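Okay, upload_15.pdb is below, PDB, C-alpha atoms:
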```pdb
ATOM      1  CA  MET A   1       0.000   0.000   0.000
ATOM      2  CA  VAL A   2       1.321   3.414  -0.903
ATOM      3  CA  ASN A   3       0.863   6.471   1.258
ATOM      4  CA  HIS A   4       0.177   9.523  -0.863
ATOM      5  CA  GLY A   5       0.331  11.924   2.055
ATOM      6  CA  PHE A   6      -2.452  14.246   3.095
ATOM      7  CA  ARG A   7      -5.797  14.034   1.355
ATOM      8  CA  ARG A   8      -8.743  16.373   1.679
ATOM      9  CA  VAL A   9     -11.945  14.997   3.103
ATOM     10  CA  ALA A  10     -15.057  17.024   2.345
ATOM     11  CA  ALA A  11     -17.049  17.932   5.428
ATOM     12  CA  ASP A  12     -20.146  16.037   4.339
ATOM     13  CA  ARG A  13     -18.002  12.913   3.838
ATOM     14  CA  SER A  14     -19.945  12.110   0.681
ATOM     15  CA  SER A  15     -16.817  12.342  -1.449
ATOM     16  CA  THR A  16     -13.146  11.819  -0.787
ATOM     17  CA  THR A  17     -12.131  13.214  -4.152
ATOM     18  CA  PRO A  18     -13.424  16.780  -4.043
ATOM     19  CA  SER A  19     -13.173  18.676  -7.282
ATOM     20  CA  GLU A  20     -13.789  22.147  -5.899
ATOM     21  CA  SER A  21     -11.820  24.458  -3.698
ATOM     22  CA  PRO A  22     -11.435  23.465  -0.061
ATOM     23  CA  ALA A  23     -14.383  24.448   2.099
ATOM     24  CA  ALA A  24     -13.842  25.934   5.522
ATOM     25  CA  ASP A  25     -15.006  22.810   7.293
ATOM     26  CA  ASP A  26     -13.044  20.302   5.235
ATOM     27  CA  ALA A  27     -10.529  18.103   7.026
ATOM     28  CA  PHE A  28      -7.096  16.936   5.926
ATOM     29  CA  VAL A  29      -6.095  13.387   6.734
ATOM     30  CA  VAL A  30      -2.919  11.340   6.565
ATOM     31  CA  VAL A  31      -1.840   8.019   8.036
ATOM     32  CA  VAL A  32       1.481   7.963   9.883
ATOM     33  CA  ALA A  33       3.293   4.849  11.084
ATOM     34  CA  GLY A  34       4.180   4.431  14.747
ATOM     35  CA  SER A  35       7.867   4.947  14.033
ATOM     36  CA  GLU A  36       7.126   8.075  12.016
ATOM     37  CA  ALA A  37       4.944   9.424  14.816
ATOM     38  CA  ASP A  38       7.710   8.803  17.352
ATOM     39  CA  ALA A  39      10.363  10.431  15.186
ATOM     40  CA  MET A  40       8.179  13.453  14.520
ATOM     41  CA  ARG A  41       7.285  14.003  18.156
ATOM     42  CA  HIS A  42      10.910  13.630  19.195
ATOM     43  CA  VAL A  43      12.294  16.048  16.624
ATOM     44  CA  ILE A  44       9.505  18.631  16.889
ATOM     45  CA  SER A  45       9.852  18.710  20.686
ATOM     46  CA  GLN A  46      13.492  19.631  20.241
ATOM     47  CA  VAL A  47      12.583  22.289  17.716
ATOM     48  CA  VAL A  48      10.073  23.765  20.183
ATOM     49  CA  LYS A  49      12.874  24.220  22.735
ATOM     50  CA  VAL A  50      15.088  25.919  20.172
ATOM     51  CA  VAL A  51      12.353  28.288  19.015
ATOM     52  CA  GLU A  52      11.135  29.014  22.528
ATOM     53  CA  ARG A  53      14.444  29.705  24.248
ATOM     54  CA  GLY A  54      17.132  30.053  21.615
ATOM     55  CA  SER A  55      19.154  33.142  20.783
ATOM     56  CA  VAL A  56      18.669  34.674  17.359
ATOM     57  CA  THR A  57      22.153  36.169  17.325
ATOM     58  CA  ALA A  58      23.813  32.886  18.250
ATOM     59  CA  ASP A  59      21.747  30.419  16.228
ATOM     60  CA  PRO A  60      21.618  30.468  12.415
ATOM     61  CA  ALA A  61      18.389  28.432  12.495
ATOM     62  CA  LEU A  62      16.691  31.163  14.503
ATOM     63  CA  ARG A  63      18.133  33.851  12.262
ATOM     64  CA  ARG A  64      16.307  32.050   9.463
ATOM     65  CA  LEU A  65      13.030  31.893  11.391
ATOM     66  CA  PHE A  66      13.323  35.498  12.556
ATOM     67  CA  PRO A  67      15.267  37.300   9.830
ATOM     68  CA  ASP A  68      16.147  40.975   9.858
ATOM     69  CA  GLY A  69      13.375  42.981   8.222
ATOM     70  CA  TYR A  70      15.868  45.385   6.609
ATOM     71  CA  THR A  71      19.157  44.489   4.930
ATOM     72  CA  ASP A  72      20.455  48.044   4.725
ATOM     73  CA  ASP A  73      19.276  49.647   7.980
ATOM     74  CA  PRO A  74      20.280  47.889  11.231
ATOM     75  CA  ALA A  75      18.419  50.426  13.387
ATOM     76  CA  ALA A  76      15.160  49.918  11.495
ATOM     77  CA  ALA A  77      15.693  46.159  11.574
ATOM     78  CA  ALA A  78      16.223  46.224  15.339
ATOM     79  CA  GLU A  79      13.121  48.359  15.822
ATOM     80  CA  LEU A  80      10.964  46.047  13.703
ATOM     81  CA  ARG A  81      12.354  43.044  15.550
ATOM     82  CA  ARG A  82      11.528  44.656  18.886
ATOM     83  CA  PHE A  83       7.913  45.031  17.833
ATOM     84  CA  THR A  84       7.368  41.688  16.134
ATOM     85  CA  GLU A  85       9.684  38.958  17.407
ATOM     86  CA  ASN A  86       7.941  38.035  20.659
ATOM     87  CA  ALA A  87       4.539  37.628  19.072
ATOM     88  CA  LEU A  88       6.087  35.664  16.218
ATOM     89  CA  ARG A  89       7.876  33.325  18.598
ATOM     90  CA  THR A  90       4.735  32.717  20.622
ATOM     91  CA  GLU A  91       2.740  32.023  17.475
ATOM     92  CA  LYS A  92       5.311  29.605  16.113
ATOM     93  CA  VAL A  93       5.659  27.722  19.401
ATOM     94  CA  ALA A  94       1.871  27.373  19.640
ATOM     95  CA  ALA A  95       1.701  25.905  16.129
ATOM     96  CA  LEU A  96       4.522  23.454  16.862
ATOM     97  CA  ARG A  97       2.848  22.335  20.078
ATOM     98  CA  ARG A  98      -0.394  21.830  18.176
ATOM     99  CA  LEU A  99       1.511  19.698  15.701
ATOM    100  CA  ILE A 100       2.791  17.462  18.494
ATOM    101  CA  ASP A 101      -0.659  17.247  20.092
ATOM    102  CA  THR A 102      -2.290  16.098  16.857
ATOM    103  CA  ILE A 103       0.118  13.234  16.174
ATOM    104  CA  PRO A 104      -1.501  10.023  17.425
ATOM    105  CA  ALA A 105       0.564   8.336  20.152
ATOM    106  CA  ASP A 106       1.164   5.027  18.375
ATOM    107  CA  GLY A 107       0.666   6.202  14.817
ATOM    108  CA  GLY A 108      -2.530   6.074  12.808
ATOM    109  CA  GLU A 109      -4.704   8.760  11.284
ATOM    110  CA  VAL A 110      -3.871  12.423  11.657
ATOM    111  CA  VAL A 111      -7.056  14.428  11.138
ATOM    112  CA  LEU A 112      -6.672  18.167  10.739
ATOM    113  CA  ALA A 113      -9.781  20.278  10.968
ATOM    114  CA  GLY A 114     -10.132  24.022  11.243
ATOM    115  CA  SER A 115      -7.036  25.916  12.293
ATOM    116  CA  ASP A 116      -5.018  22.709  12.771
ATOM    117  CA  ALA A 117      -4.377  22.582   9.042
ATOM    118  CA  ARG A 118      -2.781  26.042   9.139
ATOM    119  CA  ALA A 119      -0.800  25.056  12.261
ATOM    120  CA  TRP A 120       0.642  22.061  10.379
ATOM    121  CA  LEU A 121       1.342  24.145   7.288
ATOM    122  CA  THR A 122       3.420  26.730   9.120
ATOM    123  CA  GLY A 123       4.699  24.295  11.745
ATOM    124  CA  LEU A 124       6.084  21.910   9.142
ATOM    125  CA  THR A 125       7.748  24.876   7.448
ATOM    126  CA  ASP A 126       9.459  25.958  10.661
ATOM    127  CA  VAL A 127      10.634  22.442  11.528
ATOM    128  CA  ARG A 128      12.050  22.020   8.021
ATOM    129  CA  LEU A 129      13.747  25.421   8.220
ATOM    130  CA  VAL A 130      15.433  24.511  11.500
ATOM    131  CA  LEU A 131      16.442  21.041  10.317
ATOM    132  CA  GLY A 132      17.506  22.363   6.935
ATOM    133  CA  THR A 133      19.708  25.010   8.517
ATOM    134  CA  ARG A 134      21.260  22.496  10.902
ATOM    135  CA  LEU A 135      21.945  20.119   8.014
ATOM    136  CA  ASN A 136      23.179  22.962   5.806
ATOM    137  CA  ILE A 137      20.808  21.898   3.086
ATOM    138  CA  THR A 138      21.281  23.573  -0.255
ATOM    139  CA  ALA A 139      18.934  23.084  -3.138
ATOM    140  CA  GLU A 140      21.506  21.319  -5.268
ATOM    141  CA  ALA A 141      22.225  18.616  -2.734
ATOM    142  CA  ASP A 142      20.028  17.261  -0.008
ATOM    143  CA  ALA A 143      23.116  15.236   0.864
ATOM    144  CA  LEU A 144      25.022  15.975   4.015
ATOM    145  CA  ASP A 145      28.161  18.059   4.141
ATOM    146  CA  GLY A 146      31.273  16.938   5.953
ATOM    147  CA  LEU A 147      30.050  13.434   6.759
ATOM    148  CA  ASP A 148      33.476  12.031   6.120
ATOM    149  CA  GLU A 149      35.400  14.686   8.021
ATOM    150  CA  GLY A 150      36.611  14.739  11.592
ATOM    151  CA  PRO A 151      37.668  11.981  14.011
ATOM    152  CA  GLU A 152      36.283   8.630  13.062
ATOM    153  CA  HIS A 153      34.141   7.932  16.135
ATOM    154  CA  ALA A 154      32.742  11.439  16.360
ATOM    155  CA  ALA A 155      31.939  11.490  12.665
ATOM    156  CA  SER A 156      30.131   8.186  12.959
ATOM    157  CA  GLU A 157      27.853   9.265  15.827
ATOM    158  CA  GLU A 158      27.308  12.639  14.229
ATOM    159  CA  SER A 159      26.719  10.944  10.899
ATOM    160  CA  GLU A 160      23.999   8.733  12.349
ATOM    161  CA  ALA A 161      22.284  11.734  13.872
ATOM    162  CA  LYS A 162      22.500  13.584  10.568
ATOM    163  CA  VAL A 163      21.158  10.623   8.619
ATOM    164  CA  PHE A 164      18.202  10.424  11.004
ATOM    165  CA  LEU A 165      17.509  14.158  10.787
ATOM    166  CA  LEU A 166      17.767  14.077   7.016
ATOM    167  CA  ALA A 167      15.268  11.216   6.867
ATOM    168  CA  VAL A 168      12.881  13.181   9.065
ATOM    169  CA  TYR A 169      13.443  16.292   6.932
ATOM    170  CA  GLN A 170      12.601  14.381   3.759
ATOM    171  CA  TYR A 171       9.531  12.810   5.313
ATOM    172  CA  LEU A 172       8.246  16.182   6.526
ATOM    173  CA  THR A 173       8.892  17.613   3.052
ATOM    174  CA  PHE A 174       6.697  14.870   1.591
ATOM    175  CA  LEU A 175       3.978  15.600   4.174
ATOM    176  CA  GLN A 176       4.083  19.331   3.559
ATOM    177  CA  GLU A 177       3.938  19.016  -0.219
ATOM    178  CA  SER A 178       0.864  16.809   0.026
ATOM    179  CA  LEU A 179      -0.793  19.147   2.531
ATOM    180  CA  VAL A 180      -0.201  22.208   0.337
ATOM    181  CA  GLN A 181      -1.676  20.375  -2.654
ATOM    182  CA  ALA A 182      -4.687  19.261  -0.615
ATOM    183  CA  MET A 183      -5.255  22.807   0.711
ATOM    184  CA  SER A 184      -4.711  24.645  -2.564
ATOM    185  CA  PRO A 185      -7.685  25.826  -4.572
ATOM    186  CA  ASP A 186      -7.896  23.967  -7.843
ATOM    187  CA  SER A 187      -9.168  26.910  -9.803
ATOM    188  CA  ASP A 188      -7.274  30.075 -10.699
TER     189      ASP A 188
ATOM    190  CA  MET B   1      13.332  26.783  -3.308
ATOM    191  CA  ALA B   2      13.667  23.050  -2.857
ATOM    192  CA  VAL B   3      14.705  21.042  -5.938
ATOM    193  CA  LEU B   4      15.753  24.186  -7.738
ATOM    194  CA  THR B   5      18.990  25.958  -8.491
ATOM    195  CA  ALA B   6      21.469  26.267  -5.690
ATOM    196  CA  VAL B   7      21.590  28.882  -3.027
ATOM    197  CA  PRO B   8      24.634  28.514  -0.788
ATOM    198  CA  GLY B   9      23.741  27.141   2.643
ATOM    199  CA  GLU B  10      25.611  29.967   4.316
ATOM    200  CA  VAL B  11      23.106  32.399   2.894
ATOM    201  CA  LEU B  12      20.601  31.116   5.421
ATOM    202  CA  THR B  13      22.915  31.980   8.288
ATOM    203  CA  ALA B  14      23.482  35.569   7.305
ATOM    204  CA  THR B  15      21.552  38.540   6.107
ATOM    205  CA  PRO B  16      21.159  38.534   2.328
ATOM    206  CA  THR B  17      24.438  39.286   0.570
ATOM    207  CA  GLN B  18      22.697  40.311  -2.573
ATOM    208  CA  THR B  19      21.991  44.000  -2.386
ATOM    209  CA  PRO B  20      20.686  46.169  -5.163
ATOM    210  CA  ALA B  21      23.243  48.503  -6.680
ATOM    211  CA  GLY B  22      20.896  51.347  -5.985
ATOM    212  CA  ALA B  23      17.246  52.035  -5.403
ATOM    213  CA  SER B  24      16.627  52.395  -9.117
ATOM    214  CA  SER B  25      17.786  48.845  -9.805
ATOM    215  CA  VAL B  26      14.858  47.340  -7.940
ATOM    216  CA  VAL B  27      12.051  46.982 -10.429
ATOM    217  CA  PRO B  28       8.679  46.798  -8.694
ATOM    218  CA  GLU B  29       7.173  44.238 -11.014
ATOM    219  CA  ALA B  30       4.236  43.559  -8.780
ATOM    220  CA  THR B  31       3.401  47.091  -7.766
ATOM    221  CA  GLU B  32      -0.018  48.541  -8.420
ATOM    222  CA  ALA B  33       0.546  52.165  -7.433
ATOM    223  CA  ALA B  34       1.229  54.636 -10.204
ATOM    224  CA  ASP B  35       3.018  57.259  -8.100
ATOM    225  CA  SER B  36       6.170  55.639  -6.795
ATOM    226  CA  SER B  37       7.818  58.585  -5.085
ATOM    227  CA  ARG B  38       8.821  57.840  -1.482
ATOM    228  CA  GLN B  39       7.421  54.325  -1.899
ATOM    229  CA  TRP B  40       8.511  51.225  -0.081
ATOM    230  CA  VAL B  41       8.528  47.639  -1.280
ATOM    231  CA  THR B  42       8.480  44.177   0.269
ATOM    232  CA  ILE B  43      10.985  41.748  -1.185
ATOM    233  CA  VAL B  44      10.865  37.968  -0.842
ATOM    234  CA  TRP B  45      14.216  36.190  -1.173
ATOM    235  CA  ASP B  46      14.816  32.714  -2.539
ATOM    236  CA  ASP B  47      15.765  29.923  -0.154
ATOM    237  CA  PRO B  48      16.600  26.233  -0.685
ATOM    238  CA  ILE B  49      14.027  24.828   1.725
ATOM    239  CA  ASN B  50      10.610  26.303   1.017
ATOM    240  CA  LEU B  51       8.542  24.414  -1.539
ATOM    241  CA  MET B  52       7.474  26.177  -4.727
ATOM    242  CA  SER B  53       3.882  25.093  -4.139
ATOM    243  CA  TYR B  54       3.992  26.491  -0.597
ATOM    244  CA  VAL B  55       5.423  29.845  -1.638
ATOM    245  CA  THR B  56       2.699  30.156  -4.284
ATOM    246  CA  TYR B  57       0.049  29.275  -1.697
ATOM    247  CA  VAL B  58       1.394  31.928   0.712
ATOM    248  CA  PHE B  59       1.278  34.633  -1.958
ATOM    249  CA  GLN B  60      -2.330  33.714  -2.738
ATOM    250  CA  THR B  61      -3.310  33.589   0.917
ATOM    251  CA  LEU B  62      -1.539  36.721   2.138
ATOM    252  CA  PHE B  63      -2.026  39.051  -0.807
ATOM    253  CA  GLY B  64      -5.134  37.648  -2.462
ATOM    254  CA  TYR B  65      -3.272  37.172  -5.736
ATOM    255  CA  ASP B  66      -4.826  34.648  -8.104
ATOM    256  CA  LYS B  67      -2.916  31.445  -8.746
ATOM    257  CA  GLN B  68      -1.422  32.720 -12.008
ATOM    258  CA  LYS B  69       0.017  35.884 -10.487
ATOM    259  CA  ALA B  70       1.178  34.095  -7.354
ATOM    260  CA  THR B  71       2.928  31.463  -9.478
ATOM    261  CA  LYS B  72       4.644  34.120 -11.583
ATOM    262  CA  LEU B  73       5.916  35.897  -8.465
ATOM    263  CA  MET B  74       7.140  32.612  -7.018
ATOM    264  CA  LEU B  75       9.017  31.847 -10.249
ATOM    265  CA  ASP B  76      10.551  35.338 -10.173
ATOM    266  CA  VAL B  77      11.833  34.605  -6.656
ATOM    267  CA  HIS B  78      13.178  31.263  -7.876
ATOM    268  CA  HIS B  79      14.800  32.439 -11.105
ATOM    269  CA  LYS B  80      16.040  35.874 -10.039
ATOM    270  CA  GLY B  81      16.781  35.167  -6.384
ATOM    271  CA  LYS B  82      14.218  37.690  -5.180
ATOM    272  CA  ALA B  83      11.058  39.505  -6.203
ATOM    273  CA  VAL B  84       8.971  42.483  -5.115
ATOM    274  CA  VAL B  85       5.692  41.139  -3.778
ATOM    275  CA  SER B  86       4.022  44.303  -2.527
ATOM    276  CA  ALA B  87       4.519  48.063  -2.523
ATOM    277  CA  GLY B  88       3.176  50.966  -0.531
ATOM    278  CA  MET B  89       3.662  52.777   2.726
ATOM    279  CA  ARG B  90       6.466  51.724   5.002
ATOM    280  CA  GLU B  91       4.250  50.569   7.859
ATOM    281  CA  ARG B  92       2.269  48.390   5.498
ATOM    282  CA  MET B  93       5.446  46.801   4.158
ATOM    283  CA  GLU B  94       6.678  46.061   7.687
ATOM    284  CA  HIS B  95       3.329  44.418   8.375
ATOM    285  CA  ASP B  96       3.669  42.329   5.197
ATOM    286  CA  VAL B  97       7.195  41.274   6.191
ATOM    287  CA  ALA B  98       6.005  40.149   9.619
ATOM    288  CA  ARG B  99       3.224  38.098   8.057
ATOM    289  CA  LEU B 100       5.613  36.541   5.550
ATOM    290  CA  HIS B 101       7.974  35.632   8.400
ATOM    291  CA  SER B 102       5.085  33.940  10.213
ATOM    292  CA  PHE B 103       4.850  31.700   7.136
ATOM    293  CA  GLY B 104       8.589  31.048   7.157
ATOM    294  CA  LEU B 105       9.407  33.041   4.059
ATOM    295  CA  TRP B 106      12.415  35.337   4.029
ATOM    296  CA  ALA B 107      11.323  38.916   3.386
ATOM    297  CA  THR B 108      12.711  42.403   3.786
ATOM    298  CA  VAL B 109      11.585  46.006   3.378
ATOM    299  CA  GLN B 110      13.399  48.603   1.328
ATOM    300  CA  ARG B 111      12.791  51.818  -0.504
ATOM    301  CA  ASP B 112      11.509  51.564  -4.024
TER     302      ASP B 112
END
```
Just dump the structure as structure tokens.
Amino acid sequence: MVNHGFRRVAADRSSTTPSESPAADDAFVVVVAGSEADAMRHVISQVVKVVERGSVTADPALRRLFPDGYTDDPAAAAELRRFTENALRTEKVAALRRLIDTIPADGGEVVLAGSDARAWLTGLTDVRLVLGTRLNITAEADALDGLDEGPEHAASEESEAKVFLLAVYQYLTFLQESLVQAMSPDSD
Amino acid sequence: MAVLTAVPGEVLTATPTQTPAGASSVVPEATEAADSSRQWVTIVWDDPINLMSYVTYVFQTLFGYDKQKATKLMLDVHHKGKAVVSAGMRERMEHDVARLHSFGLWATVQRD
């Protein structure tokens, strides 16, 4: 059996292949395996800590989540950050927590109704941004940099961690692509 | 964006290194206003992680652009490294940037 990712389920449940734009009370459903659920909860919990408590100046992943609003005016950028960063952090943490709360404990169906779909959309983005920054992902190579560098034992442990994170990153990319497609209006 | 031409990973750890040579080099392709004196623009920058479909969806959702226009803007970001997505008063642009950041896009404000 092949998992195609998220699918849209019309509110009246009379059709699982809707041909019109998503209605406000539609739900988005995907089946996740137990191991996938565990991996997601584990990784997203770590991302929550980073987003909640991390330092933007010290962490490139947070600089990506909370970029400067001006490239040519540090004072204006600092001012804009002062006004917007706290609310943005709170909003992102809430979405990530909602993500964790909607993953079934031992795997199974994820059913997103109402604002949960938006929480997953932005939450998946933020998790992928953090993972992608950590893994130094560039568009030309999802492969990992420097896997074969450094002391042998350190590289091996670090390599395993990177391989795991990359697998999670790729899985979340698959989930997000399917969710965007399911949520997108079909008509122009 | 993902699966597209390369953007160095280090770009994500620093403020954008691409800067326009001067205000006149930024062409507000998406602007609606006719009088552009003292105008500000919102720029969205390319990144190697966000999906093309997602970026298009965000432009439709945030700005009300139809799918065709949103797709064109997304492709401008992809092909040119950045694109102007809105124009107007400074406060409005700062608001747009904050909303784009809440969606995980990389956006900045600058003078037209």
* Please, which residues of chain A lie no more than 9 Å from chain B when the count uses all atoms listed in the file, and can they be set out as JSON, numbers by chain? -> {"A": [59, 60, 61, 62, 63, 64, 65, 66, 67, 68, 69, 70, 71, 72, 73, 80, 84, 85, 88, 89, 91, 92, 121, 122, 123, 125, 126, 128, 129, 132, 133, 136, 137, 138, 139, 140, 141, 142, 173, 176, 177, 180, 181, 183, 184, 185, 187, 188]}
* Please, what distance in Å, to one decimal, runs between CA of Ala182 in chain A and CA of Thr71 in chain B? -> 16.9 Å
As AutoDock Vina command-line options, please report the centre and edge lengths, rounded to one decimal in Å, of the axis-aligned box that holds all listed atoms of range 38-47 of chain A with 3 Å of padding on each of the six sides.
```
--center_x 10.4 --center_y 15.5 --center_z 17.6 --size_x 12.2 --size_y 19.5 --size_z 12.2
```
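The space separating CA of Ala37 in chain A from CA of Ala10 in chain A comes to 24.8 Å.
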* To do: Name every residue that the PyMOL selection byres ((chain B and resi 77) around 10) selects in this structure, writing the answer as a ChimeraX atom specification with chains first and numbers rising.
  => /B:1,43-47,52,55,71-76,78-85
* Asked: Using only C-alpha atoms, can you list as a PyMOL selection string the residues within 12 Å of (3.5, 17.2, 18.0)?
  -> chain A and resi 36-48+93-105+107+110+116+119-120+123-124+127
* Between CA of Phe174 in chain A and CA of Gly34 in chain A, distance in Å (one decimal) -> 17.0 Å
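Minimum atom-to-atom distance to Phe63 in chain B, evaluated using all atoms listed in the file, belongs to B:Ser86 out of B:Gln39, B:Ser86, B:Asp112, B:Arg92.
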